[in-house]
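Asker: One file is attached below, protein-v7.cif, containing mmCIF, C-alpha atoms.
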```
data_target
#
loop_
_atom_site.group_PDB
_atom_site.id
_atom_site.type_symbol
_atom_site.label_atom_id
_atom_site.label_comp_id
_atom_site.auth_asym_id
_atom_site.auth_seq_id
_atom_site.Cartn_x
_atom_site.Cartn_y
_atom_site.Cartn_z
ATOM 1 C CA MET A 1 91.648 -79.135 4.062
ATOM 2 C CA ALA A 2 94.170 -76.959 5.859
ATOM 3 C CA TYR A 3 95.204 -75.573 2.503
ATOM 4 C CA GLY A 4 91.570 -74.725 1.752
ATOM 5 C CA THR A 5 91.066 -72.775 4.975
ATOM 6 C CA PHE A 6 94.343 -70.989 4.368
ATOM 7 C CA THR A 7 93.229 -69.777 0.943
ATOM 8 C CA GLU A 8 89.859 -68.756 2.361
ATOM 9 C CA VAL A 9 91.536 -66.654 5.052
ATOM 10 C CA PHE A 10 93.632 -64.928 2.421
ATOM 11 C CA PHE A 11 90.530 -64.321 0.337
ATOM 12 C CA TYR A 12 88.885 -62.551 3.264
ATOM 13 C CA LEU A 13 92.038 -60.501 3.766
ATOM 14 C CA PHE A 14 91.937 -59.370 0.149
ATOM 15 C CA VAL A 15 88.256 -58.464 0.435
ATOM 16 C CA ILE A 16 88.940 -56.462 3.598
ATOM 17 C CA LEU A 17 91.794 -54.717 1.743
ATOM 18 C CA ILE A 18 89.402 -53.770 -1.073
ATOM 19 C CA VAL A 19 86.588 -52.553 1.171
ATOM 20 C CA PHE A 20 88.809 -50.571 3.498
ATOM 21 C CA GLY A 21 90.900 -49.105 0.683
ATOM 22 C CA ALA A 22 87.877 -48.059 -1.351
ATOM 23 C CA LEU A 23 86.256 -46.453 1.690
ATOM 24 C CA VAL A 24 89.433 -44.499 2.409
ATOM 25 C CA ALA A 25 89.725 -43.481 -1.256
ATOM 26 C CA VAL A 26 86.204 -42.099 -1.319
ATOM 27 C CA THR A 27 85.748 -40.577 2.130
ATOM 28 C CA SER A 28 89.196 -39.253 3.026
ATOM 29 C CA PRO A 29 89.276 -35.446 3.105
ATOM 30 C CA ILE A 30 92.979 -35.428 2.246
ATOM 31 C CA LEU A 31 93.715 -36.226 -1.396
ATOM 32 C CA MET A 32 97.038 -37.957 -0.772
ATOM 33 C CA LYS A 33 95.390 -40.382 1.632
ATOM 34 C CA ALA A 34 92.667 -40.999 -0.934
ATOM 35 C CA VAL A 35 95.296 -42.068 -3.477
ATOM 36 C CA MET A 36 96.858 -44.397 -0.917
ATOM 37 C CA GLY A 37 93.438 -45.930 -0.330
ATOM 38 C CA LEU A 38 93.035 -46.382 -4.068
ATOM 39 C CA ALA A 39 96.379 -48.195 -4.233
ATOM 40 C CA MET A 40 95.295 -50.441 -1.359
ATOM 41 C CA ALA A 41 92.057 -51.352 -3.132
ATOM 42 C CA MET A 42 94.048 -52.106 -6.311
ATOM 43 C CA PHE A 43 96.255 -54.530 -4.398
ATOM 44 C CA GLY A 44 93.169 -56.290 -3.083
ATOM 45 C CA ILE A 45 91.720 -56.616 -6.568
ATOM 46 C CA ALA A 46 95.011 -58.024 -7.803
ATOM 47 C CA GLY A 47 94.657 -60.654 -5.089
ATOM 48 C CA LEU A 48 91.156 -61.512 -6.314
ATOM 49 C CA TYR A 49 92.540 -61.955 -9.844
ATOM 50 C CA LEU A 50 94.805 -64.656 -8.395
ATOM 51 C CA TYR A 51 91.697 -66.455 -7.173
ATOM 52 C CA LEU A 52 90.174 -66.118 -10.642
ATOM 53 C CA ASN A 53 92.998 -68.210 -12.149
ATOM 54 C CA SER A 54 94.871 -65.320 -13.700
ATOM 55 C CA PRO A 55 98.223 -64.500 -12.099
ATOM 56 C CA PHE A 56 99.223 -62.559 -15.218
ATOM 57 C CA LEU A 57 96.376 -60.099 -14.796
ATOM 58 C CA ALA A 58 97.144 -59.808 -11.081
ATOM 59 C CA LEU A 59 100.674 -58.704 -11.927
ATOM 60 C CA MET A 60 99.402 -56.379 -14.655
ATOM 61 C CA GLN A 61 96.977 -54.861 -12.157
ATOM 62 C CA ILE A 62 99.807 -54.076 -9.750
ATOM 63 C CA LEU A 63 102.045 -52.840 -12.554
ATOM 64 C CA ILE A 64 99.537 -50.611 -14.340
ATOM 65 C CA TYR A 65 97.241 -49.377 -11.598
ATOM 66 C CA VAL A 66 99.481 -49.219 -8.551
ATOM 67 C CA GLY A 67 102.645 -48.526 -10.494
ATOM 68 C CA ALA A 68 101.421 -46.155 -13.173
ATOM 69 C CA VAL A 69 97.967 -44.690 -12.534
ATOM 70 C CA CYS A 70 98.372 -44.052 -8.803
ATOM 71 C CA ILE A 71 101.824 -42.549 -9.286
ATOM 72 C CA MET A 72 100.465 -40.316 -12.033
ATOM 73 C CA ILE A 73 97.659 -39.095 -9.756
ATOM 74 C CA VAL A 74 100.213 -38.458 -7.002
ATOM 75 C CA PHE A 75 102.176 -36.370 -9.496
ATOM 76 C CA GLY A 76 98.966 -34.596 -10.396
ATOM 77 C CA ILE A 77 98.489 -33.646 -6.739
ATOM 78 C CA MET A 78 102.089 -32.710 -5.975
ATOM 79 C CA VAL A 79 103.410 -31.174 -9.183
ATOM 80 C CA GLY A 80 100.098 -29.785 -10.289
ATOM 81 C CA TYR A 81 98.177 -26.845 -9.054
ATOM 82 C CA THR A 82 95.637 -28.312 -6.680
ATOM 83 C CA PRO A 83 95.404 -25.619 -4.010
ATOM 84 C CA LYS A 84 96.393 -26.691 -0.536
ATOM 85 C CA GLN A 85 93.004 -26.095 0.985
ATOM 86 C CA LEU A 86 91.276 -28.120 -1.756
ATOM 87 C CA ALA A 87 93.788 -30.940 -1.480
ATOM 88 C CA GLU A 88 93.253 -31.181 2.247
ATOM 89 C CA TYR A 89 89.497 -30.851 2.474
ATOM 90 C CA ALA A 90 88.429 -32.468 -0.760
ATOM 91 C CA ILE A 91 85.070 -33.684 0.538
ATOM 92 C CA GLY A 92 82.353 -31.111 0.033
ATOM 93 C CA PRO A 93 79.335 -30.609 2.257
ATOM 94 C CA LYS A 94 76.937 -30.271 -0.694
ATOM 95 C CA ASN A 95 75.082 -33.174 -2.289
ATOM 96 C CA THR A 96 75.745 -35.498 0.647
ATOM 97 C CA ILE A 97 72.210 -36.833 0.970
ATOM 98 C CA LEU A 98 71.847 -37.100 -2.800
ATOM 99 C CA ALA A 99 75.143 -38.983 -3.084
ATOM 100 C CA ILE A 100 74.315 -41.408 -0.282
ATOM 101 C CA VAL A 101 70.831 -42.107 -1.651
ATOM 102 C CA THR A 102 72.123 -42.666 -5.191
ATOM 103 C CA SER A 103 74.909 -45.018 -4.178
ATOM 104 C CA LEU A 104 72.751 -46.995 -1.756
ATOM 105 C CA LEU A 105 70.041 -47.300 -4.394
ATOM 106 C CA THR A 106 72.572 -48.520 -6.956
ATOM 107 C CA LEU A 107 73.985 -51.009 -4.491
ATOM 108 C CA GLY A 108 70.577 -52.305 -3.451
ATOM 109 C CA VAL A 109 69.001 -52.624 -6.875
ATOM 110 C CA LEU A 110 71.987 -54.227 -8.563
ATOM 111 C CA THR A 111 72.631 -56.622 -5.671
ATOM 112 C CA LEU A 112 68.978 -57.663 -5.702
ATOM 113 C CA ALA A 113 69.100 -58.186 -9.456
ATOM 114 C CA LEU A 114 72.237 -60.299 -9.420
ATOM 115 C CA VAL A 115 71.069 -62.413 -6.493
ATOM 116 C CA LYS A 116 67.712 -63.060 -8.160
ATOM 117 C CA THR A 117 69.220 -63.968 -11.532
ATOM 118 C CA GLN A 118 69.749 -67.595 -12.422
ATOM 119 C CA TRP A 119 73.260 -67.675 -13.875
ATOM 120 C CA VAL A 120 73.764 -70.490 -16.357
ATOM 121 C CA GLN A 121 77.215 -71.881 -15.890
ATOM 122 C CA GLY A 122 79.174 -72.690 -19.033
ATOM 123 C CA VAL A 123 79.939 -76.352 -19.625
ATOM 124 C CA ASP A 124 83.717 -76.030 -19.547
ATOM 125 C CA ALA A 125 83.867 -72.819 -17.536
ATOM 126 C CA GLY A 126 87.075 -72.509 -15.587
ATOM 127 C CA LEU A 127 88.661 -75.545 -17.182
ATOM 128 C CA GLY A 128 90.200 -74.043 -20.328
ATOM 129 C CA ASP A 129 93.803 -73.146 -21.042
ATOM 130 C CA TYR A 130 94.737 -70.309 -18.682
ATOM 131 C CA SER A 131 98.415 -70.247 -19.659
ATOM 132 C CA LEU A 132 100.113 -67.038 -20.655
ATOM 133 C CA ALA A 133 101.243 -68.583 -23.957
ATOM 134 C CA HIS A 134 97.653 -69.220 -24.991
ATOM 135 C CA LEU A 135 96.646 -65.717 -23.931
ATOM 136 C CA GLY A 136 99.397 -64.150 -26.013
ATOM 137 C CA GLU A 137 98.574 -66.316 -29.006
ATOM 138 C CA THR A 138 94.918 -65.289 -28.878
ATOM 139 C CA LEU A 139 95.920 -61.658 -28.512
ATOM 140 C CA MET A 140 97.954 -61.912 -31.696
ATOM 141 C CA THR A 141 95.434 -63.877 -33.756
ATOM 142 C CA ARG A 142 91.760 -63.550 -32.907
ATOM 143 C CA TYR A 143 91.981 -60.216 -31.080
ATOM 144 C CA GLY A 144 94.680 -58.770 -33.322
ATOM 145 C CA LEU A 145 92.544 -55.877 -34.542
ATOM 146 C CA ALA A 146 91.517 -54.903 -31.002
ATOM 147 C CA PHE A 147 95.159 -55.063 -29.960
ATOM 148 C CA GLU A 148 96.164 -52.690 -32.738
ATOM 149 C CA LEU A 149 93.302 -50.365 -31.872
ATOM 150 C CA ILE A 150 94.243 -50.128 -28.200
ATOM 151 C CA SER A 151 97.825 -49.396 -29.221
ATOM 152 C CA VAL A 152 96.668 -46.527 -31.423
ATOM 153 C CA VAL A 153 94.388 -45.234 -28.655
ATOM 154 C CA LEU A 154 97.254 -45.271 -26.161
ATOM 155 C CA MET A 155 99.550 -43.442 -28.558
ATOM 156 C CA ILE A 156 96.946 -40.787 -29.308
ATOM 157 C CA ALA A 157 96.299 -40.396 -25.574
ATOM 158 C CA MET A 158 100.000 -39.826 -24.926
ATOM 159 C CA ILE A 159 100.308 -37.285 -27.742
ATOM 160 C CA GLY A 160 97.093 -35.617 -26.598
ATOM 161 C CA ALA A 161 98.224 -35.364 -22.976
ATOM 162 C CA VAL A 162 101.481 -33.745 -24.045
ATOM 163 C CA ALA A 163 99.722 -31.415 -26.489
ATOM 164 C CA ILE A 164 97.123 -30.245 -23.966
ATOM 165 C CA THR A 165 99.636 -29.288 -21.304
ATOM 166 C CA TRP A 166 102.265 -27.969 -23.744
ATOM 167 C CA ASN A 167 99.929 -25.712 -25.697
ATOM 168 C CA GLY A 168 98.556 -24.075 -22.620
ATOM 169 C CA LYS A 169 102.029 -23.266 -21.433
ATOM 170 C CA HIS A 170 103.352 -21.668 -24.585
ATOM 171 C CA ARG A 171 100.386 -19.834 -25.962
ATOM 172 C CA GLY A 172 99.459 -18.533 -22.559
ATOM 173 C CA ILE A 173 95.796 -19.445 -22.189
ATOM 174 C CA LYS A 174 94.590 -17.006 -19.591
ATOM 175 C CA MET B 1 83.759 -71.870 -0.180
ATOM 176 C CA ILE B 2 83.049 -68.196 -0.678
ATOM 177 C CA SER B 3 85.919 -67.705 -3.111
ATOM 178 C CA TYR B 4 84.391 -70.212 -5.566
ATOM 179 C CA THR B 5 81.047 -68.530 -6.101
ATOM 180 C CA LEU B 6 80.235 -65.985 -8.770
ATOM 181 C CA HIS B 7 78.088 -63.871 -6.458
ATOM 182 C CA THR B 8 80.953 -62.873 -4.194
ATOM 183 C CA TYR B 9 82.853 -61.232 -7.010
ATOM 184 C CA LEU B 10 79.786 -59.580 -8.489
ATOM 185 C CA ILE B 11 78.797 -58.077 -5.133
ATOM 186 C CA ILE B 12 82.313 -56.712 -4.649
ATOM 187 C CA ALA B 13 82.109 -55.158 -8.127
ATOM 188 C CA VAL B 14 78.716 -53.570 -7.355
ATOM 189 C CA PHE B 15 80.136 -52.261 -4.099
ATOM 190 C CA LEU B 16 83.001 -50.600 -5.984
ATOM 191 C CA LEU B 17 80.543 -49.069 -8.456
ATOM 192 C CA ALA B 18 78.351 -47.647 -5.682
ATOM 193 C CA LEU B 19 81.314 -46.217 -3.780
ATOM 194 C CA GLY B 20 82.671 -44.685 -6.969
ATOM 195 C CA LEU B 21 79.341 -42.986 -7.666
ATOM 196 C CA TYR B 22 79.272 -41.630 -4.121
ATOM 197 C CA GLY B 23 82.819 -40.324 -4.516
ATOM 198 C CA ILE B 24 82.116 -38.583 -7.824
ATOM 199 C CA MET B 25 79.213 -36.698 -6.309
ATOM 200 C CA GLN B 26 80.944 -35.934 -3.051
ATOM 201 C CA HIS B 27 84.461 -34.830 -3.996
ATOM 202 C CA ARG B 28 85.193 -31.166 -4.408
ATOM 203 C CA SER B 29 88.396 -31.582 -6.419
ATOM 204 C CA MET B 30 88.709 -33.035 -9.888
ATOM 205 C CA ILE B 31 91.517 -35.353 -8.832
ATOM 206 C CA GLY B 32 89.205 -36.848 -6.232
ATOM 207 C CA MET B 33 86.648 -37.477 -8.961
ATOM 208 C CA LEU B 34 89.340 -39.149 -11.052
ATOM 209 C CA ILE B 35 90.127 -41.485 -8.146
ATOM 210 C CA SER B 36 86.454 -42.455 -7.922
ATOM 211 C CA ILE B 37 86.329 -43.128 -11.673
ATOM 212 C CA GLU B 38 89.299 -45.490 -11.305
ATOM 213 C CA LEU B 39 87.360 -47.383 -8.638
ATOM 214 C CA ILE B 40 84.410 -47.813 -11.009
ATOM 215 C CA LEU B 41 86.673 -49.042 -13.814
ATOM 216 C CA ASN B 42 88.216 -51.582 -11.458
ATOM 217 C CA GLY B 43 84.774 -52.854 -10.565
ATOM 218 C CA ALA B 44 84.068 -53.342 -14.267
ATOM 219 C CA GLY B 45 87.308 -55.271 -14.727
ATOM 220 C CA LEU B 46 86.551 -57.504 -11.762
ATOM 221 C CA ASN B 47 83.103 -58.174 -13.213
ATOM 222 C CA PHE B 48 84.561 -59.287 -16.529
ATOM 223 C CA MET B 49 87.074 -61.559 -14.829
ATOM 224 C CA ALA B 50 84.385 -63.163 -12.665
ATOM 225 C CA PHE B 51 82.148 -63.902 -15.655
ATOM 226 C CA ASN B 52 85.184 -65.175 -17.513
ATOM 227 C CA ARG B 53 86.033 -67.618 -14.741
ATOM 228 C CA PHE B 54 82.553 -68.929 -13.973
ATOM 229 C CA LEU B 55 80.393 -68.644 -17.084
ATOM 230 C CA VAL B 56 82.476 -68.551 -20.269
ATOM 231 C CA PRO B 57 84.081 -71.609 -21.855
ATOM 232 C CA ASP B 58 86.957 -69.705 -23.487
ATOM 233 C CA PRO B 59 89.192 -68.353 -20.706
ATOM 234 C CA THR B 60 91.049 -65.771 -22.796
ATOM 235 C CA THR B 61 88.157 -63.467 -23.681
ATOM 236 C CA GLY B 62 87.631 -61.934 -20.265
ATOM 237 C CA GLN B 63 91.341 -61.618 -19.573
ATOM 238 C CA ILE B 64 91.911 -59.710 -22.797
ATOM 239 C CA PHE B 65 88.905 -57.500 -22.140
ATOM 240 C CA THR B 66 90.219 -56.686 -18.678
ATOM 241 C CA LEU B 67 93.631 -55.890 -20.143
ATOM 242 C CA PHE B 68 91.946 -53.453 -22.520
ATOM 243 C CA ILE B 69 90.080 -51.847 -19.628
ATOM 244 C CA MET B 70 93.396 -51.361 -17.844
ATOM 245 C CA GLY B 71 94.941 -49.766 -20.930
ATOM 246 C CA LEU B 72 91.985 -47.455 -21.410
ATOM 247 C CA ALA B 73 92.044 -46.505 -17.729
ATOM 248 C CA ALA B 74 95.712 -45.573 -18.008
ATOM 249 C CA ALA B 75 95.030 -43.453 -21.097
ATOM 250 C CA GLU B 76 92.048 -41.843 -19.399
ATOM 251 C CA ALA B 77 94.067 -40.981 -16.295
ATOM 252 C CA ALA B 78 96.809 -39.370 -18.403
ATOM 253 C CA ILE B 79 94.302 -37.268 -20.354
ATOM 254 C CA ALA B 80 92.409 -36.327 -17.201
ATOM 255 C CA VAL B 81 95.504 -35.180 -15.314
ATOM 256 C CA SER B 82 96.668 -33.075 -18.269
ATOM 257 C CA LEU B 83 93.172 -31.597 -18.632
ATOM 258 C CA ILE B 84 93.179 -30.709 -14.945
ATOM 259 C CA PHE B 85 96.466 -28.856 -15.482
ATOM 260 C CA ALA B 86 95.068 -26.992 -18.481
ATOM 261 C CA VAL B 87 91.838 -26.103 -16.665
ATOM 262 C CA TYR B 88 93.786 -24.859 -13.700
ATOM 263 C CA ARG B 89 95.825 -22.551 -15.916
ATOM 264 C CA LYS B 90 92.664 -21.010 -17.252
ATOM 265 C CA TYR B 91 90.586 -20.783 -14.093
ATOM 266 C CA LYS B 92 93.255 -20.792 -11.360
ATOM 267 C CA SER B 93 91.116 -23.300 -9.538
ATOM 268 C CA SER B 94 90.633 -27.030 -9.323
ATOM 269 C CA ASP B 95 87.158 -26.760 -7.851
ATOM 270 C CA PRO B 96 84.568 -28.119 -10.320
ATOM 271 C CA GLU B 97 81.987 -25.690 -8.948
ATOM 272 C CA GLN B 98 83.849 -22.678 -10.323
ATOM 273 C CA ILE B 99 84.306 -23.988 -13.846
ATOM 274 C CA SER B 100 80.970 -22.833 -15.159
ATOM 275 C CA ASP B 101 81.518 -20.789 -18.322
ATOM 276 C CA LEU B 102 79.194 -22.994 -20.352
ATOM 277 C CA ARG B 103 76.379 -22.887 -17.864
ATOM 278 C CA GLY B 104 74.077 -20.621 -19.924
#
```
Can you give me the file's structure in the form of C-alpha cells?
Answerer:
Amino acid sequence: MAYGTFTEVFFYLFVILIVFGALVAVTSPILMKAVMGLAMAMFGIAGLYLYLNSPFLALMQILIYVGAVCIMIVFGIMVGYTPKQLAEYAIGPKNTILAIVTSLLTLGVLTLALVKTQWVQGVDAGLGDYSLAHLGETLMTRYGLAFELISVVLMIAMIGAVAITWNGKHRGIK
Amino acid sequence: MISYTLHTYLIIAVFLLALGLYGIMQHRSMIGMLISIELILNGAGLNFMAFNRFLVPDPTTGQIFTLFIMGLAAAEAAIAVSLIFAVYRKYKSSDPEQISDLRG
C-alpha cells in the first residue's frame, strides 16, 4: 500500500512537471526559457512512459528530445540569427483572443469526446511481453520495412539540412 | 489509482495539443513555433503509448510507433532549424509576419 501511494505521488509530480513545463514553453516571452520549459515537459513525459510499462521509451525520450532536439533548438537560438529583440519578446500581441478561443475549444471538444467514449479494453492489454528483446525482434521482423523507411527519411533529412544551409552560404542568396 | 486509467493520459495529451496550438498562433518567432510543434508531437506519442498500454493486445506496436514519431520529430527539427537559417539569410528577419513574398 505504501508503495502504491509512493508511485501515485511520483505520478502527480510528473504531471505537474509536464503542465508547468508546457506552460512555460508556450507563454514565456524569452525563447531560451521556452526551450527550458520544453525540456522540463519532455522529462515529465519520459516519467509517464515509465508508468506505461516502457522504460526503454522513457530513456529514448530523454536521449532524443532532451538530448538532441532541445540542444539543437538552443543552437538555433544562439548560433543562428534570431534577433535579440525577437528572442526576448517572442510572444506577439496579435491573435491572442483567436489563439485562446481555438485552444480552449480544442481542449473542451476533445476532452468531452474522450470522456463520453466507451473504450473497449483489449483482452490481454498490458499483459504482453514488454521486454526490450521482444521489441527489437519485432522491429527487425514485422516492422522491418518501416524501420528501413525511417532510416532513409533520417538520412535524407540530414543531407537536406546540410544542403539547405550550405547552399545559401556559398551561392549568396540575398 | 489515477495512473492506471486511460483517461488521465489522454487528457494530458489533449492538453499538450491545445497548448501547442495556442503557442503556434501566439509566437512571433519561428523557433517559438517549432517548440510548440514539438509539444504537439509529444502529445501524439503519449496518446499512442496510452492506447498501447490499455487497449492493444500486442505491446510492441505502440512502442515502435512512438519511436518513429521521435525519429520524425528529430528530422523535422533539423530541417526546420536549417530552414530558419536559410530564411533569415534571405529576409534578415526571423519574424513570420515579414516573410510574405507569396502573399499575392
Asker: Determine the residue set returned by the PyMOL selection byres ((chain A and resi 67-78) around 8) for the present structure, and present it as a list in words.
Answerer: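 Answer for the PyMOL selection byres ((chain A and resi 67-78) around 8): Leu31, Met32, Val35, Leu38, Ala39, Ile62, Leu63, Ile64, Tyr65, Val66, Val79, Gly80, Tyr81, Thr82 and Ala87 of chain A; Ile31, Ala74, Ala77, Ala78 and Val81 of chain B.
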Asker: What does the structure give for the distance between atom CA of B:Ala86 and atom CA of A:Gly160, in Å to one decimal?
Answerer: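 Going from atom CA of B:Ala86 over to atom CA of A:Gly160, I get 12.0 Å.
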Asker: I need the residue nearest chain A from this list: B:Ala18, B:Ala44, B:Ala13, B:Ala80. Use all atoms listed in the file for the distance.
Answerer: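 Checking each of B:Ala18, B:Ala44, B:Ala13, B:Ala80 against chain A, counting all atoms listed in the file, the winner is B:Ala18.
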Asker: Figure out the distance between atom CA of A:Ala22 and atom CA of B:Leu39, please, to one decimal in Å.
Answerer: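 We find that atom CA of B:Leu39 and atom CA of A:Ala22 lie 7.3 Å from each other.
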Asker: Between atom CA of A:Phe20 and atom CA of A:Met40, what is the distance, to one decimal in Å?
Answerer: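 It comes out at 8.1 Å.
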Asker: Considering only C-alpha atoms, can you say which of B:Leu46, B:Met25, B:Ile64, B:Ala73 comes closest to B:Ile12?
Answerer: B:Leu46
Asker: Which of these, A:Ile91, A:Val19, A:Ala161, A:Ile45, has the shortest distance to B:Met30 once you count all atoms listed in the file?
Answerer: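 Of A:Ile91, A:Val19, A:Ala161, A:Ile45, the one nearest B:Met30 is A:Ile91, counting all atoms listed in the file.
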Asker: Specify as a ChimeraX atom specification each residue included when the PyMOL selection byres ((chain A and resi 51) around 12) is applied to this file.
Answerer: /A:7-8,10-12,14-15,44-50,52-58,126 /B:1-6,8-9,46,49-50,53-54
Asker: Which neighbours of stretch 105-118 of chain A fall inside 9 Å, counting all atoms listed in the file, when residues of the same chain fewer than 6 positions from it are skipped, and could you give them as an MDAnalysis selection string?
Answerer: chainID B and resid 7 10:11 14:15 17:19 21
Asker: Neighbours of stretch 147-158 of chain A within 9 Å (all atoms listed in the file; same-chain residues fewer than 3 positions away dropped), as a ChimeraX atom specification?
Answerer: /A:139-140,143-144,161-163 /B:68,71-72,74-76,78-79
Asker: Find, counting all atoms listed in the file, the residue in A:Leu145, A:Ile97, A:Val26, A:Leu13 that gets nearest to chain B.
Answerer: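 Of A:Leu145, A:Ile97, A:Val26, A:Leu13, the one nearest chain B is A:Val26, counting all atoms listed in the file.
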Asker: Quick one: of B:Gly45, B:Lys90, B:Glu38, B:Asp101, who's nearest to chain A, counting only C-alpha atoms?
Answerer: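 Smallest separation from chain A among the options: B:Lys90.
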Asker: Could you pull the residues within 12 Å of A:Gly122, counting all atoms listed in the file, minus those fewer than 6 positions along the same chain, as a PDB file with C-alpha atoms, in the frame of the given file?
Answerer:
```pdb
ATOM      1  CA  GLY A 128      90.200 -74.043 -20.328  1.00  0.00           C
TER       2      GLY A 128
ATOM      3  CA  PHE B  51      82.148 -63.902 -15.655  1.00  0.00           C
ATOM      4  CA  ASN B  52      85.184 -65.175 -17.513  1.00  0.00           C
ATOM      5  CA  ARG B  53      86.033 -67.618 -14.741  1.00  0.00           C
ATOM      6  CA  PHE B  54      82.553 -68.929 -13.973  1.00  0.00           C
ATOM      7  CA  LEU B  55      80.393 -68.644 -17.084  1.00  0.00           C
ATOM      8  CA  VAL B  56      82.476 -68.551 -20.269  1.00  0.00           C
ATOM      9  CA  PRO B  57      84.081 -71.609 -21.855  1.00  0.00           C
ATOM     10  CA  ASP B  58      86.957 -69.705 -23.487  1.00  0.00           C
ATOM     11  CA  PRO B  59      89.192 -68.353 -20.706  1.00  0.00           C
TER      12      PRO B  59
END
```
Asker: Give me the result of the PyMOL selection byres ((chain A and resi 99) around 8) on this file, residue by residue, as a PyMOL selection string.
Answerer: (chain A and resi 95-98+100-103) or (chain B and resi 21-23+25-26)
Asker: Find the residue from A:Thr141, A:Ser131, A:Gln121, A:Thr5 that sits nearest to chain B; use only C-alpha atoms when measuring.
Answerer: A:Gln121
Asker: Would you compute, for all listed atoms of stretch 79-86 of chain B, the axis-aligned bounding box grown by 4 Å on each side, and then report its centre and edge lengths in Å rounded to one decimal, as lines of an AutoDock Vina configuration file?
Answerer:
```
center_x = 94.5
center_y = -32.1
center_z = -17.6
size_x = 12.3
size_y = 18.3
size_z = 13.4
```
